[in-house]
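Student: Structure incoming, see below.
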Amino acid sequence: METFESAYDAARKNPRKKEIVQLLKIMRVNKRRDSGLVVEFGIIALSMNLGDERWPVLEQVFVAALDTANDELSNSCLDALLQKFKDSSRVKRLVGMQNEAKRQFSAAAEVYDELLESNPANALAMKRRVALLKGQGKLKEAMKELNKFIDQYAADPSAWQELGELYLSMSKYDSAAFC
């Protein structure tokens, strides 16, 4: 598989559909988060006919636009996703993330609660609820939610790491040692 560096060089030298889509795909697959770069190349990519690649690129650019506070771009991406996948739990989660970015915490909580009501095992909605609580500085509540998550998904290493970090931030070193 192509490396990030070679894909980046190819997209820089020759910003055509193939090179840009490949770069964005490598970034998604390898969970490389460089929001400025995603926005830069994503805007170019979205001006092209991407076929089925359009949807993952829209989602990726949406998240990057939230990170960079590019409201116009995030709204545009979310509108396109909602138009195509109106009832998708994945897109509804993105609505919640946009509410978080706008500091509309109760609206975000409603979205995540609805998702969990329709599917109590929705791991991504559970994690977003933890992130929402952390973002509001409600660390004890976040810890409680994260413990509920770990009860269902004990093999999730990122959840254990997050729990350990929460315990450490609250000076609960004995508890952190078990994470």
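Naming works like this for the structure tokens: A, B, ... for the chains as they're shown, residue 1 at the start of each chain, ligands 1 onward in shown order.
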Using only C-alpha atoms, which protein or nucleic acid residues come within 6 Å of stretch 140-156 of chain A? Drop anything in the same chain fewer than 6 positions from it, and give the result as a list of chain:residue names.

Tutor: A:Val130, A:Leu133, A:Lys134

Student: List the neighbours of A:Ala10 out to 9 Å using only C-alpha atoms; skip same-chain residues closer than 4 positions along the sequence, and give me the result as a count of residues only.

Tutor: 7

Student: With a distance cut-off of 7 Å and only C-alpha atoms, select the neighbouring residues of A:Ala176, excluding the residue or stretch itself and same-chain residues fewer than 4 positions from it, and output the selection as a list in words.

Tutor: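 Returned residues: Gly164, Tyr167, Leu168 and Lys172 of chain A.
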
Student: So the first atom is atom CA of A:Ala65 and the second is atom CA of A:Arg93; what is the distance between them in Å, to one decimal place?

Tutor: 15.4 Å

Student: Go through A:Val57, A:Asp67, A:Ser47, A:Ser171 one by one, measure the shortest atom-to-atom distance of each to A:Asp34 using only C-alpha atoms, and give the residue with the smallest value.

Tutor: A:Asp67

Student: Just give me the gap between atom CA of A:Lys17 and atom CA of A:Ala45 in Å, one decimal is fine.

Tutor: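 Computing the Euclidean distance for atom CA of A:Lys17 and atom CA of A:Ala45 yields 6.4 Å.
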
Student: Please report, as number ranges by chain, each residue of stretch 7-174 of chain A to which DSSP assigns alpha helix (DSSP H) when run on this structure's backbone.

Tutor: A: 7-13, 17-29, 35-46, 54-67, 71-84, 89-101, 105-118, 123-135, 139-152, 157-169, 173-174

Student: Which is closest to A:Phe62 among A:Ser74, A:Ser175, A:Asn119, A:Gln136, if we use only C-alpha atoms?

Tutor: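 Checking each of A:Ser74, A:Ser175, A:Asn119, A:Gln136 against A:Phe62, counting only C-alpha atoms, the winner is A:Ser74.
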